[in-house]
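Heads up, upload33.cif below (mmCIF, C-alpha atoms):
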data_work
loop_
_atom_site.label_atom_id
_atom_site.label_comp_id
_atom_site.auth_asym_id
_atom_site.auth_seq_id
_atom_site.Cartn_x
_atom_site.Cartn_y
_atom_site.Cartn_z
CA MET Y 1 -19.06 3.07 -6.98
CA ILE Y 2 -19.24 3.03 -10.76
CA LYS Y 3 -17.43 -0.10 -11.96
CA HIS Y 4 -16.71 0.89 -15.58
CA PHE Y 5 -14.99 3.67 -17.48
CA ARG Y 6 -16.74 5.59 -20.22
CA VAL Y 7 -14.47 5.77 -23.23
CA SER Y 8 -15.12 8.73 -25.49
CA GLY Y 9 -15.95 7.83 -29.06
CA SER Y 10 -13.66 10.68 -30.09
CA LEU Y 11 -10.69 8.53 -29.06
CA ARG Y 12 -11.08 6.60 -32.31
CA THR Y 13 -10.96 9.85 -34.28
CA ARG Y 14 -7.87 11.01 -32.39
CA LEU Y 15 -6.14 7.68 -32.98
CA GLU Y 16 -6.91 7.77 -36.69
CA GLU Y 17 -5.67 11.36 -36.94
CA SER Y 18 -2.44 10.23 -35.29
CA GLY Y 19 -2.02 7.43 -37.82
CA VAL Y 20 -2.72 4.65 -35.31
CA ARG Y 21 -4.63 1.69 -36.75
CA VAL Y 22 -7.67 1.23 -34.51
CA PRO Y 23 -8.43 -2.40 -35.54
CA ALA Y 24 -4.85 -3.33 -34.65
CA VAL Y 25 -5.19 -1.61 -31.27
CA LEU Y 26 -8.39 -3.49 -30.46
CA ARG Y 27 -6.85 -6.81 -31.49
CA ALA Y 28 -3.76 -6.20 -29.38
CA ALA Y 29 -5.94 -5.24 -26.41
CA GLY Y 30 -8.17 -8.30 -26.81
CA LEU Y 31 -11.25 -6.10 -27.24
CA HIS Y 32 -14.15 -6.53 -29.67
CA GLN Y 33 -13.73 -4.86 -33.05
CA ASP Y 34 -17.13 -3.16 -32.65
CA LEU Y 35 -16.11 -1.39 -29.45
CA PHE Y 36 -16.13 2.11 -30.94
CA ASN Y 37 -19.42 1.49 -32.75
CA GLN Y 38 -21.28 1.41 -29.46
CA THR Y 39 -23.32 4.44 -28.43
CA ARG Y 40 -22.05 4.18 -24.86
CA ILE Y 41 -18.57 2.67 -24.62
CA LEU Y 42 -17.96 1.08 -21.23
CA VAL Y 43 -14.83 -0.85 -20.24
CA SER Y 44 -13.49 -2.31 -17.01
CA THR Y 45 -10.28 -1.06 -15.43
CA GLU Y 46 -8.46 -4.13 -16.79
CA GLU Y 47 -9.82 -3.46 -20.29
CA LEU Y 48 -8.91 0.23 -20.07
CA PHE Y 49 -5.34 -0.61 -19.13
CA ALA Y 50 -5.16 -3.17 -21.96
CA LEU Y 51 -6.48 -0.56 -24.42
CA TRP Y 52 -3.83 2.00 -23.49
CA ARG Y 53 -1.02 -0.54 -23.49
CA ALA Y 54 -2.13 -1.60 -26.97
CA ILE Y 55 -2.15 2.02 -28.15
CA GLY Y 56 1.48 2.32 -27.09
CA GLU Y 57 2.44 -0.96 -28.75
CA VAL Y 58 0.70 -0.29 -32.06
CA SER Y 59 1.66 3.38 -32.42
CA GLN Y 60 5.31 2.88 -31.40
CA ASP Y 61 5.33 6.62 -30.76
CA PRO Y 62 6.66 7.31 -27.25
CA ALA Y 63 4.77 10.62 -27.21
CA ILE Y 64 1.38 9.22 -28.25
CA GLY Y 65 -0.07 9.60 -24.75
CA LEU Y 66 0.86 13.29 -24.76
CA LYS Y 67 -0.60 13.80 -28.23
CA LEU Y 68 -3.91 12.14 -27.34
CA GLY Y 69 -4.14 14.17 -24.14
CA THR Y 70 -3.63 17.50 -25.91
CA GLU Y 71 -6.58 19.38 -27.39
CA THR Y 72 -6.76 22.89 -28.83
CA LYS Y 73 -10.27 22.88 -30.30
CA THR Y 74 -12.84 23.93 -27.72
CA GLU Y 75 -15.68 22.26 -29.64
CA ARG Y 76 -14.03 18.87 -29.07
CA PHE Y 77 -13.91 19.16 -25.30
CA HIS Y 78 -16.06 16.78 -23.24
CA PRO Y 79 -18.86 18.55 -21.26
CA MET Y 80 -16.88 18.03 -18.06
CA GLY Y 81 -13.88 19.67 -19.69
CA LEU Y 82 -16.03 22.58 -20.85
CA ALA Y 83 -17.35 22.99 -17.31
CA ALA Y 84 -13.78 22.99 -15.94
CA LEU Y 85 -12.78 25.67 -18.46
CA SER Y 86 -15.79 27.73 -17.35
CA THR Y 87 -14.54 28.00 -13.75
CA GLU Y 88 -12.70 31.04 -12.45
CA ASN Y 89 -9.17 29.67 -12.13
CA LEU Y 90 -6.96 26.59 -12.39
CA GLY Y 91 -7.57 25.48 -8.82
CA ALA Y 92 -11.32 25.61 -9.29
CA ALA Y 93 -11.01 23.68 -12.56
CA ILE Y 94 -9.05 20.83 -10.95
CA ALA Y 95 -11.42 20.76 -7.97
CA HIS Y 96 -14.39 20.61 -10.36
CA MET Y 97 -12.93 17.69 -12.29
CA ALA Y 98 -12.01 15.89 -9.07
CA ARG Y 99 -15.54 16.26 -7.69
CA TYR Y 100 -17.30 14.90 -10.77
CA LYS Y 101 -14.74 12.34 -11.97
CA LYS Y 102 -16.63 9.60 -10.15
CA LEU Y 103 -19.57 10.09 -12.53
CA SER Y 104 -17.64 8.54 -15.41
CA ALA Y 105 -15.05 6.23 -13.88
CA PRO Y 106 -13.80 4.36 -10.80
CA GLU Y 107 -10.97 6.88 -10.64
CA GLU Y 108 -9.90 9.73 -8.41
CA ILE Y 109 -8.08 12.98 -9.03
CA LEU Y 110 -6.12 13.82 -5.90
CA HIS Y 111 -4.83 17.34 -5.41
CA GLN Y 112 -3.25 18.86 -2.36
CA THR Y 113 -1.19 21.85 -1.35
CA ASP Y 114 1.94 21.33 0.73
CA GLU Y 115 3.65 24.56 1.73
CA GLU Y 116 4.71 26.11 -1.59
CA GLU Y 117 3.72 23.21 -3.87
CA TRP Y 118 0.46 21.92 -5.30
CA SER Y 119 0.38 18.35 -6.59
CA VAL Y 120 -2.12 16.57 -8.84
CA GLN Y 121 -2.33 12.78 -9.02
CA PHE Y 122 -4.62 10.17 -10.56
CA ARG Y 123 -5.65 6.97 -8.81
CA TRP Y 124 -7.49 4.04 -10.37
CA LEU Y 125 -9.62 2.65 -7.56
CA LEU Y 126 -10.20 -0.86 -8.91
CA ALA Y 127 -6.74 -1.42 -10.36
CA VAL Y 128 -4.79 -4.55 -9.50
CA ASP Y 129 -2.06 -4.14 -12.10
CA VAL Y 130 0.10 -1.03 -12.44
CA GLU Y 131 -1.42 1.62 -14.65
CA PRO Y 132 0.20 1.95 -18.11
CA GLN Y 133 2.81 4.69 -18.37
CA ILE Y 134 1.14 6.00 -21.52
CA LEU Y 135 -2.14 6.45 -19.61
CA ILE Y 136 -0.43 8.43 -16.86
CA GLU Y 137 1.16 10.70 -19.45
CA HIS Y 138 -2.20 11.11 -21.21
CA CYS Y 139 -3.85 12.22 -17.96
CA PHE Y 140 -1.05 14.66 -17.15
CA ALA Y 141 -1.22 16.09 -20.68
CA TRP Y 142 -4.97 16.59 -20.27
CA VAL Y 143 -4.44 18.54 -17.03
CA LEU Y 144 -1.88 20.73 -18.79
CA THR Y 145 -4.30 21.21 -21.70
CA ILE Y 146 -6.94 22.52 -19.30
CA ALA Y 147 -4.37 24.73 -17.58
CA ARG Y 148 -2.96 26.25 -20.78
CA HIS Y 149 -6.23 26.50 -22.70
CA GLY Y 150 -8.05 27.99 -19.72
CA SER Y 151 -5.37 30.50 -18.73
CA GLY Y 152 -4.30 31.40 -22.23
CA THR Y 153 -0.69 31.01 -21.11
CA ARG Y 154 2.11 28.46 -21.54
CA ILE Y 155 2.11 27.58 -17.86
CA SER Y 156 4.42 24.72 -16.89
CA PRO Y 157 4.60 22.69 -13.67
CA LEU Y 158 7.55 22.91 -11.30
CA ARG Y 159 8.29 19.27 -12.11
CA VAL Y 160 6.75 15.97 -13.10
CA GLU Y 161 7.32 12.99 -10.81
CA VAL Y 162 7.18 9.44 -12.18
CA VAL Y 163 7.86 6.10 -10.55
CA GLN Y 164 9.19 4.28 -13.60
CA PRO Y 165 11.95 5.66 -15.89
CA ARG Y 166 11.05 6.47 -19.51
CA PRO Y 167 13.19 6.18 -22.63
CA HIS Y 168 11.73 9.48 -23.88
CA MET Y 169 12.63 11.74 -20.97
CA LYS Y 170 13.70 14.64 -23.18
CA VAL Y 171 10.35 14.51 -25.02
CA LEU Y 172 8.49 14.71 -21.70
CA GLU Y 173 10.61 17.58 -20.44
CA ARG Y 174 10.08 19.57 -23.64
CA TYR Y 175 6.33 18.98 -23.52
CA PHE Y 176 5.80 19.88 -19.87
CA GLY Y 177 8.49 22.55 -19.85
CA CYS Y 178 10.02 21.34 -16.59
CA PRO Y 179 12.26 18.62 -15.13
CA VAL Y 180 10.92 15.06 -15.00
CA VAL Y 181 12.04 13.19 -11.87
CA CYS Y 182 12.27 9.38 -12.15
CA GLY Y 183 12.24 6.90 -9.28
CA ALA Y 184 9.73 8.97 -7.31
CA SER Y 185 7.33 7.40 -4.82
CA ARG Y 186 4.34 8.60 -6.87
CA ASN Y 187 3.24 9.74 -10.31
CA ALA Y 188 2.36 13.41 -9.95
CA LEU Y 189 2.25 16.82 -11.59
CA VAL Y 190 3.69 19.35 -9.16
CA PHE Y 191 2.76 23.00 -9.63
CA ARG Y 192 3.56 26.07 -7.56
CA ALA Y 193 0.92 26.59 -4.89
CA GLY Y 194 0.18 30.01 -6.37
CA ASP Y 195 -0.67 28.45 -9.75
CA ALA Y 196 -4.05 27.39 -8.36
CA ALA Y 197 -5.12 31.04 -8.44
CA LEU Y 198 -4.21 31.45 -12.12
CA PRO Y 199 -7.30 33.12 -13.67
CA PHE Y 200 -9.07 31.56 -16.64
CA VAL Y 201 -9.77 33.63 -19.72
CA THR Y 202 -12.32 30.96 -20.68
CA ARG Y 203 -14.42 31.61 -17.57
CA ASN Y 204 -18.12 31.33 -18.41
CA ALA Y 205 -20.32 31.60 -15.34
CA GLU Y 206 -23.51 31.27 -17.40
CA LEU Y 207 -22.42 27.99 -18.98
CA LEU Y 208 -21.22 26.66 -15.62
CA ASP Y 209 -24.61 27.49 -14.09
CA MET Y 210 -26.23 25.41 -16.81
CA LEU Y 211 -23.92 22.39 -16.51
CA ALA Y 212 -23.32 22.20 -12.76
CA PRO Y 213 -26.92 21.35 -11.75
CA GLN Y 214 -26.92 18.37 -14.12
CA PHE Y 215 -23.63 17.12 -12.71
CA GLU Y 216 -24.97 17.54 -9.18
CA LYS Y 217 -28.14 15.65 -10.10
CA GLU Y 218 -26.08 12.75 -11.44
CA LEU Y 219 -23.82 12.87 -8.41
CA LYS Y 220 -26.83 12.65 -6.12
CA GLN Y 221 -28.14 9.64 -8.04
CA HIS Y 222 -24.86 7.85 -7.41
CA SER Y 223 -24.78 8.79 -3.74
CA GLY Y 224 -26.03 6.48 -1.01
CA GLU Y 225 -24.62 4.04 1.43
CA ASP Y 226 -21.86 2.88 -0.92
CA SER Y 227 -20.78 6.51 -1.25
CA PHE Y 228 -20.66 6.84 2.53
CA ILE Y 229 -18.37 3.83 2.76
CA GLU Y 230 -16.14 5.41 0.09
CA LEU Y 231 -16.16 8.68 2.06
CA VAL Y 232 -15.01 6.90 5.21
CA ARG Y 233 -12.43 4.87 3.28
CA GLY Y 234 -11.04 8.03 1.68
CA ALA Y 235 -10.84 9.79 5.07
CA ILE Y 236 -8.94 6.81 6.48
CA GLN Y 237 -6.50 6.72 3.57
CA GLN Y 238 -5.71 10.40 3.96
CA ARG Y 239 -4.76 9.75 7.59
CA LEU Y 240 -2.88 6.49 7.21
CA THR Y 241 0.60 7.97 6.84
CA GLY Y 242 2.42 6.68 9.90
CA ASN Y 243 -0.82 6.34 11.84
CA ARG Y 244 -3.66 3.90 12.41
CA PRO Y 245 -6.68 6.22 12.58
CA ASN Y 246 -9.42 5.10 14.95
CA VAL Y 247 -13.16 5.59 14.72
CA GLU Y 248 -13.00 8.72 16.90
CA ASP Y 249 -10.43 10.35 14.55
CA ILE Y 250 -12.52 9.70 11.43
CA ALA Y 251 -15.80 10.67 13.07
CA ARG Y 252 -14.29 13.99 14.17
CA TYR Y 253 -13.03 14.64 10.63
CA LEU Y 254 -16.47 13.86 9.17
CA HIS Y 255 -18.19 16.07 11.77
CA MET Y 256 -20.28 13.33 13.35
CA SER Y 257 -20.24 11.26 16.52
CA PRO Y 258 -18.46 7.88 16.60
CA ARG Y 259 -21.82 6.24 17.33
CA THR Y 260 -23.40 7.82 14.22
CA LEU Y 261 -20.44 6.78 12.08
CA GLN Y 262 -20.65 3.18 13.27
CA ARG Y 263 -24.42 3.09 12.86
CA ARG Y 264 -24.28 4.33 9.27
CA LEU Y 265 -21.57 1.84 8.40
CA GLN Y 266 -23.63 -0.95 9.93
CA GLU Y 267 -26.68 0.15 7.93
CA ALA Y 268 -24.52 -0.07 4.81
CA GLY Y 269 -23.57 -3.63 5.71
CA SER Y 270 -20.03 -2.81 6.84
CA SER Y 271 -18.03 -1.84 9.90
CA PHE Y 272 -15.19 0.52 10.73
CA GLN Y 273 -12.68 -2.34 11.00
CA ARG Y 274 -13.73 -3.72 7.62
CA VAL Y 275 -13.42 -0.33 5.92
CA LEU Y 276 -10.04 0.22 7.61
CA ASP Y 277 -8.84 -3.13 6.27
CA GLU Y 278 -10.16 -2.29 2.79
CA ALA Y 279 -8.41 1.10 2.88
CA ARG Y 280 -5.12 -0.48 3.92
CA HIS Y 281 -5.45 -3.25 1.33
CA GLN Y 282 -6.14 -0.77 -1.45
CA MET Y 283 -3.23 1.48 -0.49
CA ALA Y 284 -0.92 -1.51 0.01
CA ARG Y 285 -1.48 -2.62 -3.58
CA TYR Y 286 -0.91 0.95 -4.75
CA TYR Y 287 2.36 1.36 -2.81
CA LEU Y 288 3.72 -2.02 -3.89
CA GLY Y 289 2.80 -1.58 -7.54
CA ASN Y 290 3.43 2.13 -8.03
CA SER Y 291 6.39 3.08 -5.87
CA VAL Y 292 9.93 2.17 -4.95
CA LEU Y 293 9.12 2.02 -1.25
CA GLU Y 294 10.74 -0.70 0.84
CA LEU Y 295 8.35 -3.02 2.67
CA ASN Y 296 9.10 -1.47 6.05
CA GLU Y 297 8.39 1.98 4.59
CA ALA Y 298 5.07 0.79 3.14
CA ALA Y 299 4.24 -0.80 6.51
CA TYR Y 300 4.89 2.51 8.26
CA LEU Y 301 2.75 4.48 5.81
CA LEU Y 302 -0.10 2.00 6.31
CA GLY Y 303 0.03 2.33 10.09
CA TYR Y 304 1.58 -1.05 10.93
CA GLU Y 305 4.08 -1.43 13.74
CA ASP Y 306 6.56 -3.37 11.60
CA ALA Y 307 7.03 -5.12 8.26
CA ASN Y 308 6.09 -8.50 9.74
CA SER Y 309 2.67 -7.27 10.83
CA PHE Y 310 2.13 -5.80 7.38
CA SER Y 311 3.24 -9.04 5.68
CA ARG Y 312 0.80 -11.12 7.76
CA ALA Y 313 -2.08 -8.80 6.88
CA PHE Y 314 -1.14 -8.74 3.19
CA ARG Y 315 -0.92 -12.53 3.02
CA GLY Y 316 -4.46 -12.65 4.40
CA TRP Y 317 -5.67 -10.31 1.63
CA GLU Y 318 -3.80 -11.68 -1.37
CA GLY Y 319 -2.76 -15.19 -0.33
CA MET Y 320 0.94 -14.37 -0.86
CA PRO Y 321 3.67 -12.26 0.77
CA PRO Y 322 3.89 -8.63 -0.37
CA ARG Y 323 7.34 -9.15 -1.92
CA HIS Y 324 6.03 -11.97 -4.10
CA TRP Y 325 2.96 -9.93 -5.08
CA ARG Y 326 5.18 -7.00 -6.11
CA GLU Y 327 7.35 -9.25 -8.28
CA THR Y 328 4.34 -10.70 -10.11
CA HIS Y 329 2.39 -7.44 -10.56
CA ARG Y 330 5.00 -4.74 -11.10
CA PRO Y 331 6.55 -4.42 -14.55
CA ALA Y 332 10.29 -4.28 -14.91
CA ALA Y 333 11.72 -0.77 -15.09
CA VAL Y 334 12.76 0.48 -18.51
CA SER Y 335 16.47 1.03 -18.64
#
What do you get writing this file as structure tokens?
Amino acid sequence: MIKHFRVSGSLRTRLEESGVRVPAVLRAAGLHQDLFNQTRILVSTEELFALWRAIGEVSQDPAIGLKLGTETKTERFHPMGLAALSTENLGAAIAHMARYKKLSAPEEILHQTDEEEWSVQFRWLLAVDVEPQILIEHCFAWVLTIARHGSGTRISPLRVEVVQPRPHMKVLERYFGCPVVCGASRNALVFRAGDAALPFVTRNAELLDMLAPQFEKELKQHSGEDSFIELVRGAIQQRLTGNRPNVEDIARYLHMSPRTLQRRLQEAGSSFQRVLDEARHQMARYYLGNSVLELNEAAYLLGYEDANSFSRAFRGWEGMPPRHWRETHRPAAVS
């Protein structure tokens, strides 16, 4: 897994255009003043979160995340954004970005269809602290930028779900053109299922044929045993809700025998039990830091029989009870 985020050098330009003093942002974030002078800007998850928190503090504009996530000039799109715009429809664009996101960051774009709804979420894989609200809004604005720029329409989601309340709810609702629901169990953009088929007027099959092979080449370079462990961990996490998936369940999902699955994990220096524990640990931190779930509800979602079993496991991971961890890692809600 890639351990660092690539920060676009254009972020400095966007900040300056928005009247945000970049030196002040870097000081507030505890980052070096030469950060944006580097040819390849790499930051850890902790540094990325500090950068975005600092942007919010220095700008004092509650909508700054939305502004920085909105782009109308095609020439300023990142190559991955251009490739997404070159796909045939909105669903293909999101799937494209989700597939290649791992090339630039330890981050996932999760999208799934549930009956008549289609949700899009972002997950920071190496995060310990809760992601900054401004960063979540920036990511959601970027998705809407792709959707509106690509379709040539003013498409709006059905709703936006956020865990923590915001003081600028009306601003968010005007921007996204839909209700914003606070106190949700997740941060998500929720579209109509049919929106995935929305055709793109920016479709460019020739450009996509030029860019996709390079992305695939880079993806292959990052593949290997670590990627197999991530694949198994992701499969486990998708099946954790109310269940404790066993090796047979995951092997069947990955279209291989349990013996092959165990052998490949062993070759990668791991085991099914270890990956299961890692998957539960990762999701436990996410649920405790990013939702309003009670401990017994989190325990259920992670496949534990009761809250006590979950608490014992969590104490083994973090050295403290889950309730204490939540109090020390989750910011107070904005009233």
Exactly which residues make up the result of the PyMOL selection byres ((chain Y and resi 136) around 12) on this file, given as a ChimeraX atom specification?
/Y:49,52-53,63-66,68-69,109,120-124,130-135,137-143,160-164,166,172,186-189,290
Fewer than 3 positions away in the same chain doesn't count, so skip those; otherwise give me all residues within 6 Å of range 111-119 of chain Y, counting all atoms listed in the file, as an MDAnalysis selection string.
chainID Y and resid 189:193
What gap, in Å, lies between CA of His281 in chain Y and CA of Ile2 in chain Y?
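Interatomic distance here is 19.4 Å.
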Taking all atoms listed in the file into account, which of Y:Leu254, Y:Met320, Y:Asp209, Y:Leu276 comes nearest Leu231 in chain Y?
Y:Leu254
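Among the candidate residues Y:Ser156, Y:Ser10, Y:Gln237, Y:Gln60, the one lying nearest to Phe36 in chain Y is Y:Ser10, with distances computed using only C-alpha atoms.
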Using only C-alpha atoms, list the residues that have an atom at most 7 Å from (-12.3, 33.4, -15.5), coordinates as in the file, as a list in words.
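Here the neighbourhood of the point contains Ser86, Thr87, Glu88, Asn89, Pro199, Phe200, Val201, Thr202, Arg203 and Asn204 of chain Y.
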Measure the distance from CA of Leu31 in chain Y to CA of Ser104 in chain Y in Å and round it to one decimal.
19.9 Å
Selected residue of minimal separation from Ile55 in chain Y among Y:Ser185, Y:Ser151, Y:Ser18, Y:Gln282, counting only C-alpha atoms:
Y:Ser18
So how far away is CA of Thr45 in chain Y from CA of Tyr175 in chain Y, in Å?
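That distance, rounded to one decimal, is 27.3 Å.
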Counting all atoms listed in the file, the option among Y:Leu288, Y:Met80, Y:Leu11, Y:Ala235 closest to Thr328 in chain Y:
Y:Leu288
Check what the PyMOL selection byres ((chain Y and resi 283) around 10) selects in the file above and give those residues as a VMD selection string.
chain Y and resid 125 237 240 277 to 282 284 to 289 298 301 to 302
Shell around Val25 in chain Y at 12 Å using all atoms listed in the file, local window under 3 positions removed, as a short mmCIF file (atom, residue, chain, number, x, y, z; two decimals) with C-alpha atoms, in the frame of the given file:
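Produced file around28.cif, reproduced below:
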data_model
loop_
_atom_site.label_atom_id
_atom_site.label_comp_id
_atom_site.auth_asym_id
_atom_site.auth_seq_id
_atom_site.Cartn_x
_atom_site.Cartn_y
_atom_site.Cartn_z
CA LEU Y 11 -10.69 8.53 -29.06
CA ARG Y 12 -11.08 6.60 -32.31
CA LEU Y 15 -6.14 7.68 -32.98
CA GLU Y 16 -6.91 7.77 -36.69
CA GLY Y 19 -2.02 7.43 -37.82
CA VAL Y 20 -2.72 4.65 -35.31
CA ARG Y 21 -4.63 1.69 -36.75
CA VAL Y 22 -7.67 1.23 -34.51
CA ALA Y 28 -3.76 -6.20 -29.38
CA ALA Y 29 -5.94 -5.24 -26.41
CA GLY Y 30 -8.17 -8.30 -26.81
CA LEU Y 31 -11.25 -6.10 -27.24
CA HIS Y 32 -14.15 -6.53 -29.67
CA GLN Y 33 -13.73 -4.86 -33.05
CA LEU Y 35 -16.11 -1.39 -29.45
CA PHE Y 36 -16.13 2.11 -30.94
CA LEU Y 48 -8.91 0.23 -20.07
CA ALA Y 50 -5.16 -3.17 -21.96
CA LEU Y 51 -6.48 -0.56 -24.42
CA TRP Y 52 -3.83 2.00 -23.49
CA ARG Y 53 -1.02 -0.54 -23.49
CA ALA Y 54 -2.13 -1.60 -26.97
CA ILE Y 55 -2.15 2.02 -28.15
CA GLY Y 56 1.48 2.32 -27.09
CA GLU Y 57 2.44 -0.96 -28.75
CA VAL Y 58 0.70 -0.29 -32.06
CA SER Y 59 1.66 3.38 -32.42
CA GLN Y 60 5.31 2.88 -31.40
#
For the file shown, report as a PDB file with C-alpha atoms, in the frame of the given file the outcome of the PyMOL selection byres ((chain Y and resi 303) around 7) at residue level.
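The resulting file, selection-v4.pdb, is reproduced below:
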ATOM      1  CA  LEU Y 240      -2.880   6.490   7.210  1.00  0.00           C
ATOM      2  CA  THR Y 241       0.600   7.970   6.840  1.00  0.00           C
ATOM      3  CA  GLY Y 242       2.420   6.680   9.900  1.00  0.00           C
ATOM      4  CA  ASN Y 243      -0.820   6.340  11.840  1.00  0.00           C
ATOM      5  CA  ARG Y 244      -3.660   3.900  12.410  1.00  0.00           C
ATOM      6  CA  ALA Y 299       4.240  -0.800   6.510  1.00  0.00           C
ATOM      7  CA  TYR Y 300       4.890   2.510   8.260  1.00  0.00           C
ATOM      8  CA  LEU Y 301       2.750   4.480   5.810  1.00  0.00           C
ATOM      9  CA  LEU Y 302      -0.100   2.000   6.310  1.00  0.00           C
ATOM     10  CA  TYR Y 304       1.580  -1.050  10.930  1.00  0.00           C
ATOM     11  CA  GLU Y 305       4.080  -1.430  13.740  1.00  0.00           C
TER      12      GLU Y 305
END
